[in-house]
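Peer 1: One file is attached below, structure.tsv, containing TSV, C-alpha atoms.
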chain	number	residue	atom	x	y	z
A	1	MET	CA	45.87	49.09	-16.06
A	2	ALA	CA	45.37	49.68	-12.34
A	3	ALA	CA	44.65	53.20	-11.21
A	4	THR	CA	46.97	55.00	-8.80
A	5	PRO	CA	45.64	54.96	-5.19
A	6	GLU	CA	44.50	58.35	-3.93
A	7	LYS	CA	43.95	59.65	-0.45
A	8	LEU	CA	40.42	59.96	0.90
A	9	HIS	CA	38.69	63.29	0.23
A	10	THR	CA	41.44	64.54	-2.08
A	11	VAL	CA	39.11	63.75	-4.99
A	12	THR	CA	35.69	65.37	-5.34
A	13	ALA	CA	32.64	64.46	-7.37
A	14	ALA	CA	33.45	67.36	-9.70
A	15	ASP	CA	36.95	65.91	-10.22
A	16	LEU	CA	35.55	62.54	-11.26
A	17	ILE	CA	32.98	64.07	-13.60
A	18	LYS	CA	35.73	66.13	-15.22
A	19	ARG	CA	37.92	63.05	-15.61
A	20	VAL	CA	35.29	60.95	-17.34
A	21	GLY	CA	34.35	63.95	-19.48
A	22	THR	CA	37.82	63.87	-21.05
A	23	LEU	CA	37.05	60.38	-22.36
A	24	ALA	CA	34.37	61.68	-24.73
A	25	PRO	CA	36.49	61.73	-27.94
A	26	LYS	CA	37.64	58.15	-27.33
A	27	LEU	CA	34.11	56.97	-26.59
A	28	ILE	CA	32.83	58.51	-29.82
A	29	GLU	CA	35.65	56.87	-31.76
A	30	ARG	CA	34.83	53.44	-30.26
A	31	ARG	CA	31.04	53.51	-30.63
A	32	ALA	CA	30.97	51.24	-33.66
A	33	LYS	CA	33.48	48.82	-32.16
A	34	GLY	CA	31.47	48.49	-28.97
A	35	ALA	CA	28.25	47.90	-30.91
A	36	SER	CA	29.98	45.21	-32.97
A	37	LEU	CA	31.50	43.50	-29.92
A	38	ARG	CA	28.21	43.89	-28.00
A	39	ARG	CA	30.28	44.83	-24.94
A	40	LEU	CA	32.57	47.69	-24.00
A	41	PRO	CA	35.95	47.55	-25.74
A	42	ASP	CA	38.75	46.52	-23.38
A	43	GLU	CA	40.47	49.87	-23.84
A	44	THR	CA	37.30	51.72	-22.82
A	45	MET	CA	37.05	49.75	-19.59
A	46	ALA	CA	40.76	50.34	-18.93
A	47	ASP	CA	40.29	54.09	-19.45
A	48	LEU	CA	37.28	54.09	-17.14
A	49	VAL	CA	39.14	52.21	-14.40
A	50	ALA	CA	42.09	54.61	-14.71
A	51	THR	CA	39.83	57.59	-13.86
A	52	THR	CA	38.99	55.89	-10.51
A	53	ALA	CA	35.38	57.01	-11.11
A	54	LEU	CA	34.11	53.50	-10.43
A	55	ARG	CA	35.44	53.93	-6.87
A	56	ALA	CA	33.25	56.99	-6.26
A	57	CYS	CA	31.14	55.45	-3.46
A	58	MET	CA	33.48	52.60	-2.56
A	59	PRO	CA	34.66	52.38	1.08
A	60	ALA	CA	37.76	54.44	1.77
A	61	ARG	CA	39.47	51.68	3.75
A	62	PHE	CA	39.78	49.68	0.52
A	63	GLY	CA	40.94	52.56	-1.67
A	64	GLY	CA	37.60	54.08	-2.56
A	65	HIS	CA	36.69	57.77	-2.50
A	66	GLU	CA	33.68	57.21	-0.18
A	67	LEU	CA	31.85	60.14	-1.77
A	68	PRO	CA	28.13	60.74	-1.15
A	69	PHE	CA	25.65	58.29	-2.59
A	70	GLY	CA	24.70	59.43	-6.09
A	71	THR	CA	28.20	60.48	-7.10
A	72	HIS	CA	28.38	57.25	-9.10
A	73	THR	CA	25.18	58.19	-10.94
A	74	ASP	CA	26.45	61.70	-11.65
A	75	VAL	CA	29.52	60.12	-13.25
A	76	ALA	CA	27.34	57.70	-15.22
A	77	MET	CA	25.15	60.53	-16.48
A	78	GLU	CA	28.15	62.43	-17.79
A	79	LEU	CA	29.48	59.38	-19.63
A	80	ALA	CA	26.06	58.51	-21.06
A	81	LYS	CA	25.84	61.86	-22.86
A	82	THR	CA	28.50	60.49	-25.20
A	83	CYS	CA	28.07	56.73	-24.90
A	84	GLY	CA	25.00	55.25	-23.28
A	85	SER	CA	26.55	51.83	-22.87
A	86	THR	CA	29.62	53.18	-21.06
A	87	GLY	CA	27.42	55.30	-18.79
A	88	TRP	CA	25.16	52.34	-18.05
A	89	VAL	CA	28.01	50.01	-17.11
A	90	ALA	CA	29.62	52.74	-14.99
A	91	GLY	CA	26.35	53.37	-13.12
A	92	ILE	CA	25.83	49.65	-12.53
A	93	ILE	CA	29.35	48.73	-11.44
A	94	GLY	CA	29.69	51.98	-9.49
A	95	SER	CA	26.58	51.04	-7.52
A	96	HIS	CA	28.04	47.62	-6.74
A	97	ASN	CA	31.13	49.27	-5.26
A	98	TRP	CA	28.69	51.14	-3.02
A	99	TRP	CA	26.52	48.30	-1.79
A	100	LEU	CA	29.42	45.88	-1.43
A	101	GLY	CA	30.31	48.14	1.48
A	102	LYS	CA	27.21	46.67	3.17
A	103	TYR	CA	28.28	43.03	2.56
A	104	GLN	CA	29.77	40.49	4.93
A	105	ILE	CA	33.10	41.89	6.12
A	106	GLU	CA	35.20	38.89	5.09
A	107	SER	CA	33.85	39.02	1.56
A	108	GLN	CA	34.77	42.71	1.25
A	109	HIS	CA	38.35	41.91	2.22
A	110	GLU	CA	38.49	39.06	-0.27
A	111	VAL	CA	37.35	41.26	-3.15
A	112	TRP	CA	39.37	44.40	-2.45
A	113	ASP	CA	42.40	43.66	-0.26
A	114	ASN	CA	44.66	42.79	-3.18
A	115	ASN	CA	42.93	44.77	-5.92
A	116	ALA	CA	41.19	48.07	-5.31
A	117	ASP	CA	40.17	48.06	-8.98
A	118	ALA	CA	38.38	44.69	-8.81
A	119	LEU	CA	35.19	44.88	-10.87
A	120	VAL	CA	32.02	43.23	-9.62
A	121	ALA	CA	29.02	42.47	-11.82
A	122	ALA	CA	25.59	41.58	-10.44
A	123	ALA	CA	22.18	40.27	-11.42
A	124	PHE	CA	18.86	40.29	-9.58
A	125	ALA	CA	16.59	38.50	-12.06
A	126	SER	CA	16.87	34.75	-12.56
A	127	LYS	CA	15.14	31.98	-14.46
A	128	PRO	CA	12.78	29.47	-12.81
A	129	GLY	CA	14.59	26.75	-10.90
A	130	THR	CA	17.43	29.00	-9.74
A	131	LYS	CA	18.16	28.49	-6.05
A	132	ALA	CA	20.69	28.14	-3.23
A	133	VAL	CA	20.36	25.18	-0.88
A	134	ALA	CA	21.78	25.64	2.60
A	135	VAL	CA	24.49	23.08	3.45
A	136	ASP	CA	27.16	22.82	6.10
A	137	GLY	CA	29.37	25.92	5.85
A	138	GLY	CA	27.46	27.64	3.06
A	139	TYR	CA	25.21	26.99	0.08
A	140	ARG	CA	25.05	24.91	-3.07
A	141	VAL	CA	24.00	27.24	-5.87
A	142	SER	CA	22.53	26.46	-9.29
A	143	GLY	CA	20.64	28.42	-11.92
A	144	GLU	CA	20.71	31.08	-14.58
A	145	TRP	CA	20.63	34.82	-13.93
A	146	MET	CA	19.74	37.41	-16.55
A	147	TRP	CA	21.11	40.76	-17.77
A	148	CYS	CA	24.44	40.94	-15.98
A	149	SER	CA	25.81	44.19	-17.42
A	150	GLY	CA	29.57	44.40	-17.95
A	151	ILE	CA	30.07	40.77	-16.93
A	152	ASP	CA	32.85	40.13	-19.48
A	153	HIS	CA	35.10	42.67	-17.76
A	154	CYS	CA	34.44	41.65	-14.17
A	155	ASP	CA	36.53	39.72	-11.65
A	156	TRP	CA	33.51	38.84	-9.51
A	157	CYS	CA	29.77	38.46	-9.82
A	158	SER	CA	27.08	38.81	-7.14
A	159	LEU	CA	23.75	37.11	-7.75
A	160	MET	CA	20.42	37.43	-5.94
A	161	THR	CA	19.42	33.86	-5.13
A	162	PRO	CA	16.34	32.36	-3.46
A	163	VAL	CA	16.96	30.00	-0.55
A	164	PRO	CA	13.93	27.71	-0.02
A	165	GLN	CA	12.60	27.66	3.54
A	166	ALA	CA	10.67	24.95	5.42
A	167	SER	CA	7.68	27.29	5.43
A	168	GLY	CA	6.88	30.63	3.87
A	169	PRO	CA	8.57	32.31	0.91
A	170	PRO	CA	12.26	31.76	0.14
A	171	ASP	CA	14.86	33.91	1.79
A	172	LEU	CA	16.96	35.93	-0.65
A	173	VAL	CA	20.74	36.14	-0.50
A	174	MET	CA	23.34	37.84	-2.65
A	175	VAL	CA	26.01	35.23	-3.35
A	176	LEU	CA	29.45	36.41	-4.41
A	177	LEU	CA	31.32	34.34	-7.01
A	178	LYS	CA	34.79	34.55	-8.51
A	179	ARG	CA	35.36	34.65	-12.26
A	180	GLY	CA	35.62	31.02	-13.32
A	181	ASP	CA	32.89	29.88	-10.93
A	182	TYR	CA	30.24	30.72	-13.54
A	183	THR	CA	29.67	30.55	-17.28
A	184	VAL	CA	28.63	33.57	-19.34
A	185	HIS	CA	25.74	32.83	-21.70
A	186	ASP	CA	25.94	35.26	-24.64
A	187	VAL	CA	22.38	36.50	-25.23
A	188	TRP	CA	22.75	40.30	-25.59
A	189	ASN	CA	21.47	41.25	-29.07
A	190	VAL	CA	19.53	44.49	-28.77
A	191	PRO	CA	18.84	47.75	-30.69
A	192	GLY	CA	19.93	50.05	-27.83
A	193	MET	CA	22.63	49.91	-25.15
A	194	LYS	CA	24.33	47.55	-27.58
A	195	ALA	CA	27.72	47.54	-25.85
A	196	THR	CA	26.66	46.87	-22.25
A	197	GLY	CA	27.30	43.13	-22.64
A	198	SER	CA	24.31	42.41	-20.39
A	199	ASN	CA	24.57	38.66	-20.78
A	200	ASN	CA	23.30	35.82	-18.62
A	201	VAL	CA	25.28	33.92	-15.99
A	202	ILE	CA	24.96	30.17	-15.42
A	203	VAL	CA	26.06	28.37	-12.25
A	204	ASP	CA	26.04	24.58	-11.92
A	205	ASP	CA	25.85	23.15	-8.39
A	206	LEU	CA	28.59	25.38	-6.96
A	207	PHE	CA	29.50	25.47	-3.27
A	208	VAL	CA	29.57	29.06	-1.96
A	209	PRO	CA	30.98	29.60	1.56
A	210	LYS	CA	28.66	31.31	4.00
A	211	TYR	CA	30.79	34.46	4.31
A	212	ARG	CA	30.23	35.12	0.60
A	213	ALA	CA	26.45	35.28	1.05
A	214	THR	CA	24.65	38.33	2.43
A	215	ARG	CA	20.91	38.38	3.03
A	216	VAL	CA	19.05	40.89	0.85
A	217	ALA	CA	16.94	41.82	3.89
A	218	GLU	CA	20.13	42.98	5.61
A	219	LEU	CA	21.33	44.89	2.55
A	220	ASN	CA	17.99	46.67	2.46
A	221	ASN	CA	18.40	47.64	6.08
A	222	LYS	CA	20.30	50.51	7.69
A	223	ALA	CA	22.18	48.11	9.97
A	224	SER	CA	23.86	45.80	7.45
A	225	PRO	CA	26.76	43.42	8.24
A	226	GLY	CA	29.17	45.83	6.55
A	227	GLN	CA	28.09	48.70	8.80
A	228	LYS	CA	30.39	47.30	11.48
A	229	LEU	CA	33.30	47.99	9.15
A	230	ASN	CA	32.07	50.95	7.10
A	231	GLU	CA	30.29	53.24	9.57
A	232	SER	CA	29.72	56.18	7.23
A	233	TRP	CA	26.16	57.33	6.58
A	234	ILE	CA	26.76	56.52	2.91
A	235	TYR	CA	26.19	52.83	3.65
A	236	LYS	CA	22.95	53.27	5.60
A	237	LEU	CA	20.60	53.63	2.62
A	238	PRO	CA	18.49	50.57	1.65
A	239	MET	CA	19.96	48.88	-1.44
A	240	LEU	CA	16.80	47.72	-3.21
A	241	ASP	CA	14.88	50.91	-2.57
A	242	VAL	CA	17.40	53.36	-3.99
A	243	PHE	CA	19.18	51.25	-6.62
A	244	GLY	CA	16.92	52.52	-9.41
A	245	TYR	CA	18.79	55.80	-9.74
A	246	SER	CA	21.91	53.84	-10.73
A	247	VAL	CA	20.16	53.14	-14.03
A	248	ALA	CA	17.92	56.22	-14.18
A	249	GLY	CA	20.98	58.50	-14.09
A	250	PRO	CA	22.63	57.14	-17.24
A	251	THR	CA	19.27	56.94	-19.03
A	252	LEU	CA	18.73	60.64	-18.39
A	253	GLY	CA	22.28	61.22	-19.61
A	254	CYS	CA	21.37	59.51	-22.89
A	255	ALA	CA	18.44	61.88	-23.38
A	256	ARG	CA	20.68	64.86	-22.73
A	257	GLY	CA	23.10	63.45	-25.29
A	258	ALA	CA	20.23	63.25	-27.79
A	259	LEU	CA	19.41	66.92	-27.14
A	260	GLU	CA	23.00	68.06	-27.55
A	261	GLY	CA	23.40	65.97	-30.68
A	262	PHE	CA	20.14	67.28	-32.14
A	263	ILE	CA	21.17	70.90	-31.64
A	264	ALA	CA	24.56	70.23	-33.22
A	265	SER	CA	23.09	68.37	-36.18
A	266	MET	CA	20.50	71.06	-36.95
A	267	THR	CA	22.84	74.02	-36.59
A	268	GLY	CA	23.97	75.17	-40.04
A	269	ARG	CA	21.52	72.97	-41.95
A	270	SER	CA	19.29	74.36	-44.69
A	271	GLY	CA	15.90	73.17	-45.87
A	272	LEU	CA	14.92	72.50	-49.50
A	273	ASP	CA	13.83	76.13	-49.81
A	274	GLY	CA	17.26	77.32	-48.65
A	275	SER	CA	16.08	78.54	-45.25
A	276	LYS	CA	17.89	77.70	-42.04
A	277	VAL	CA	16.10	74.82	-40.36
A	278	THR	CA	16.87	76.38	-36.98
A	279	ASP	CA	14.61	79.30	-37.99
A	280	HIS	CA	11.58	77.00	-38.19
A	281	PRO	CA	9.25	77.65	-35.20
A	282	THR	CA	8.20	74.00	-35.02
A	283	LEU	CA	11.80	72.89	-34.58
A	284	GLN	CA	12.39	75.63	-32.02
A	285	ALA	CA	9.33	74.45	-30.08
A	286	ARG	CA	10.50	70.85	-30.14
A	287	VAL	CA	13.97	71.60	-28.83
A	288	ALA	CA	12.56	73.95	-26.18
A	289	GLU	CA	10.08	71.39	-24.84
A	290	SER	CA	12.59	68.56	-24.83
A	291	SER	CA	15.10	70.73	-22.98
A	292	ALA	CA	12.43	71.62	-20.42
A	293	GLU	CA	11.65	67.95	-19.81
A	294	ILE	CA	15.31	67.09	-19.38
A	295	ASP	CA	15.82	70.01	-16.98
A	296	ALA	CA	12.70	69.01	-15.03
A	297	ALA	CA	13.98	65.42	-14.80
A	298	GLN	CA	17.35	66.69	-13.61
A	299	THR	CA	15.69	68.79	-10.91
A	300	LEU	CA	13.68	65.81	-9.70
A	301	TYR	CA	16.85	63.70	-9.64
A	302	ASP	CA	18.81	66.36	-7.74
A	303	THR	CA	15.99	66.84	-5.21
A	304	ASP	CA	15.81	63.11	-4.48
A	305	MET	CA	19.56	62.80	-4.10
A	306	ALA	CA	19.60	65.68	-1.61
A	307	PHE	CA	16.73	64.08	0.33
A	308	LEU	CA	18.36	60.63	0.45
A	309	ARG	CA	21.67	62.08	1.59
A	310	ALA	CA	20.07	64.21	4.28
A	311	THR	CA	18.02	61.27	5.58
A	312	ALA	CA	21.05	58.98	5.79
A	313	GLN	CA	23.24	61.65	7.38
A	314	ALA	CA	20.60	62.16	10.06
A	315	ASN	CA	20.51	58.39	10.66
A	316	GLY	CA	16.86	58.45	9.63
A	317	ASP	CA	14.67	55.72	8.19
A	318	LEU	CA	12.74	56.04	4.94
A	319	THR	CA	9.00	55.58	5.40
A	320	SER	CA	6.99	53.41	3.01
A	321	ALA	CA	5.49	56.57	1.47
A	322	GLU	CA	8.94	58.09	0.97
A	323	ILE	CA	10.24	54.91	-0.63
A	324	GLY	CA	7.21	54.87	-2.92
A	325	ARG	CA	7.82	58.49	-3.86
A	326	ILE	CA	11.49	57.83	-4.62
A	327	LYS	CA	10.54	54.92	-6.90
A	328	ARG	CA	7.84	57.04	-8.57
A	329	ASN	CA	10.29	59.87	-9.16
A	330	CYS	CA	12.95	57.52	-10.46
A	331	ALA	CA	10.53	56.14	-13.05
A	332	TYR	CA	9.24	59.61	-13.92
A	333	VAL	CA	12.73	60.96	-14.53
A	334	VAL	CA	13.03	58.33	-17.24
A	335	THR	CA	9.51	58.95	-18.53
A	336	LEU	CA	10.51	62.56	-19.15
A	337	ALA	CA	13.79	61.42	-20.75
A	338	LYS	CA	11.88	59.17	-23.14
A	339	ARG	CA	9.48	61.95	-24.12
A	340	ALA	CA	12.34	64.37	-24.75
A	341	ALA	CA	14.33	61.95	-26.89
A	342	SER	CA	11.23	60.79	-28.81
A	343	ARG	CA	10.22	64.34	-29.73
A	344	LEU	CA	13.68	65.00	-31.14
A	345	ILE	CA	14.04	61.81	-33.15
A	346	GLU	CA	10.69	62.51	-34.83
A	347	ALA	CA	12.20	65.64	-36.39
A	348	MET	CA	15.40	63.99	-37.63
A	349	GLY	CA	14.10	62.78	-40.98
A	350	ALA	CA	15.98	59.92	-42.65
A	351	ASN	CA	18.99	60.61	-40.43
A	352	GLY	CA	16.90	59.50	-37.49
A	353	VAL	CA	16.89	55.88	-38.65
A	354	SER	CA	20.63	55.68	-39.27
A	355	ASP	CA	22.43	53.47	-36.77
A	356	SER	CA	25.49	55.71	-37.04
A	357	ASN	CA	23.70	58.96	-36.24
A	358	PRO	CA	24.52	60.19	-32.70
A	359	VAL	CA	20.94	61.28	-32.04
A	360	ALA	CA	19.57	57.94	-33.23
A	361	ILE	CA	22.06	56.10	-31.03
A	362	ALA	CA	21.18	58.23	-28.00
A	363	PHE	CA	17.46	57.73	-28.64
A	364	ALA	CA	17.85	53.94	-28.87
A	365	ASP	CA	19.95	53.92	-25.71
A	366	THR	CA	17.34	56.00	-23.87
A	367	MET	CA	14.60	53.56	-24.81
A	368	ALA	CA	16.71	50.54	-23.90
A	369	GLY	CA	17.67	52.00	-20.54
A	370	ALA	CA	14.04	52.81	-19.80
A	371	SER	CA	13.11	49.14	-20.19
A	372	HIS	CA	14.66	48.30	-16.80
A	373	ARG	CA	12.03	47.16	-14.31
A	374	ALA	CA	13.11	49.76	-11.76
A	375	LEU	CA	12.22	52.47	-14.29
A	376	ASN	CA	8.85	51.12	-15.38
A	377	TRP	CA	6.18	53.78	-14.94
A	378	ASP	CA	3.26	51.34	-14.95
A	379	VAL	CA	4.74	49.47	-11.99
A	380	ASN	CA	6.03	52.39	-9.94
A	381	GLY	CA	3.32	54.89	-10.83
A	382	VAL	CA	0.52	52.52	-9.87
A	383	ALA	CA	2.27	51.60	-6.62
A	384	TYR	CA	2.50	55.25	-5.57
A	385	GLY	CA	-1.05	55.94	-6.72
A	386	LYS	CA	-2.22	53.31	-4.26
A	387	ILE	CA	-0.30	55.04	-1.48
A	388	LEU	CA	-1.93	58.37	-2.35
A	389	PHE	CA	-5.34	56.72	-2.08
A	390	GLY	CA	-4.54	55.48	1.40
A	391	ALA	CA	-3.23	51.97	0.80
A	392	ILE	CA	-0.87	50.84	3.52
A	393	SER	CA	2.47	49.66	2.23
A	394	SER	CA	5.31	48.01	4.13
A	395	PRO	CA	8.77	49.62	4.03
A	396	ASP	CA	9.88	46.14	2.94
A	397	ALA	CA	7.41	46.02	0.06
A	398	GLU	CA	10.09	45.60	-2.61
A	399	LEU	CA	11.73	42.74	-0.74
A	400	LEU	CA	8.37	41.03	-0.20
A	401	LYS	CA	7.50	41.32	-3.90
A	402	ARG	CA	10.78	39.70	-4.83
A	403	GLN	CA	10.25	36.90	-2.31
A	404	VAL	CA	6.81	36.15	-3.73
A	405	ALA	CA	8.23	36.06	-7.25
A	406	ALA	CA	11.06	33.81	-6.07
A	407	ALA	CA	8.59	31.42	-4.42
A	408	LYS	CA	6.82	30.92	-7.76
A	409	ALA	CA	10.09	30.46	-9.65
A	410	VAL	CA	11.62	27.96	-7.21
A	411	THR	CA	8.65	25.62	-7.58
A	412	HIS	CA	9.16	25.30	-11.34
Transcribe the structure of this file into structure tokens.
Peer 2:
Amino acid sequence: MAATPEKLHTVTAADLIKRVGTLAPKLIERRAKGASLRRLPDETMADLVATTALRACMPARFGGHELPFGTHTDVAMELAKTCGSTGWVAGIIGSHNWWLGKYQIESQHEVWDNNADALVAAAFASKPGTKAVAVDGGYRVSGEWMWCSGIDHCDWCSLMTPVPQASGPPDLVMVLLKRGDYTVHDVWNVPGMKATGSNNVIVDDLFVPKYRATRVAELNNKASPGQKLNESWIYKLPMLDVFGYSVAGPTLGCARGALEGFIASMTGRSGLDGSKVTDHPTLQARVAESSAEIDAAQTLYDTDMAFLRATAQANGDLTSAEIGRIKRNCAYVVTLAKRAASRLIEAMGANGVSDSNPVAIAFADTMAGASHRALNWDVNGVAYGKILFGAISSPDAELLKRQVAAAKAVTH
């Protein structure tokens, strides 16, 4: 069901968070169904679309709310408190509606002109041999891309694809494909985030017109092709360097859901000796420390969002050290979320291993969300440690790393 168009700035971030919050009873009711389907139930996606929350950071000219970057992650965090999979898909697709505003102008019109509620999936990781070959008028694309969350519900899919060059590493482009141009390979069988439907996408020698391909280097730049159309500061942030919060937000929401569920499950319970379990100092200490970690993670998240918004509004550029710090913080937010959820699940007893227990579900979702590369502490912590010790890093470090990886994969 398509959502009713709304005028720009008549909807606030608080409005969208309130709207998705009302979905909580339905999300709880559909948890088992989503886990069984291994994707979001159709009615859940319809409810989510109807809130217009997925349009949070979408350009206003196409029916979006054009709210500050991070509104989509605030929405995802709220949803993830109740259903990690719904929060994850909302954070992912919501981010795509943001960075599509940086795409080639003609491709934006094609996606949104006739359907403001068009859903766009995306994937950045691909298997060896995946590539786009430049031909007259566009590219011929082949390969397999991994972990395309929400793909079963989407009208479009955008895929990061290496384009071999005569010399040097491949260029990277995001190619935009219509549903029907690709095949979904069902591979998503996991213990957490069960309903995200993060399946693979296969493309077999498909011609993609040039206007549907945008260079990743341009998307990671303040002056992207879409900036000529969408001039707001919202679309000046570098895609690759700030994307991580689109998955960190819902992962933190999962940990908060574990905390709320833990408190609810322990309240009113009695131990074998008849005492209230909530009177036990060890349990009080656990819930206090986990709540402190979640609050600390939230503060770090809020601080980074304020910094990113202020930088973009001032038309500033992020330095390599600032990018490294953002990536470090993004990973550390999730490190704290994992610690908080782990401490709680350890005190759950046999209930903690039940796949129907809300705390167990939230714990599993937290761990699954934390497995995303953008949230890996070993990768992002080490990178920032090098910066602290004086290593010089390029502002395009993330893009260069991906090009090196693509060069190895294309040769296989």
Peer 1: With distances taken over all atoms listed in the file, which of A:Thr214, A:Thr196, A:Thr267, A:Ser356 is nearest to Gly91 (chain A)?
Peer 2: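 Of A:Thr214, A:Thr196, A:Thr267, A:Ser356, the one nearest Gly91 (chain A) is A:Thr196, counting all atoms listed in the file.
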Peer 1: Can you work out the spacing between CA of Tyr211 (chain A) and CA of Ile105 (chain A) in Å, to one decimal?
Peer 2: 8.0 Å
Peer 1: Give me the residues within 6 Å of Lys81 (chain A) as a ChimeraX atom specification, counting all atoms listed in the file and dropping any in the same chain fewer than 2 places off.
Peer 2: /A:78-79,83,253-254,256-257
Peer 1: Hey, can you check how far CA of Pro395 (chain A) sits from CA of Gly381 (chain A)?
Peer 2: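 Computing the Euclidean distance for CA of Pro395 (chain A) and CA of Gly381 (chain A) yields 16.7 Å.
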Peer 1: Kindly indicate which residue among A:Val163, A:Val75, A:Leu308, A:Arg55 lies nearest to Arg19 (chain A), using only C-alpha atoms for the distances.
Peer 2: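 Among A:Val163, A:Val75, A:Leu308, A:Arg55, it is A:Val75 that comes nearest to Arg19 (chain A).
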Peer 1: Tell me which of A:Leu283, A:Val120, A:Ala370, A:Ala166 sits closest to Ile263 (chain A), counting only C-alpha atoms.
Peer 2: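 Residue with the minimum atom-to-atom distance to Ile263 (chain A): A:Leu283.
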Peer 1: Work out how far apart CA of Arg179 (chain A) and CA of Trp156 (chain A) are and give it in Å to one decimal.
Peer 2: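 Those two atoms sit 5.3 Å apart.
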Peer 1: In terms of the shortest atom-to-atom distance over all atoms listed in the file, which of A:Glu144, A:Asp365, A:Glu346, A:Glu322 is closest to Ala409 (chain A)?
Peer 2: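 The closest residue to Ala409 (chain A) is A:Glu144.
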Peer 1: When you look at Lys210 (chain A) with a cut-off of 7 Å (counting only C-alpha atoms), what residues show up, excluding the ones that are within fewer than 4 positions of it in the same chain? I need them as a PyMOL selection string.
Peer 2: chain A and resi 137-139
Peer 1: Given all atoms listed in the file as the basis, pick out the residue of A:Ile294, A:Phe262, A:Ala217, A:Ala397 nearest to Gly352 (chain A).
Peer 2: A:Phe262
Peer 1: With distances taken over all atoms listed in the file, which residue among A:Leu252, A:Leu67, A:Val135, A:Leu40 lies nearest Asp152 (chain A)?
Peer 2: A:Leu40
Peer 1: Which neighbours of Ser232 (chain A) fall inside 12 Å, counting all atoms listed in the file, when residues of the same chain fewer than 4 positions from it are skipped, and could you give them as an MDAnalysis selection string?
Peer 2: chainID A and resid 57:61 66:69 98 101:102 222:224 226:228 236:237 309 312:315
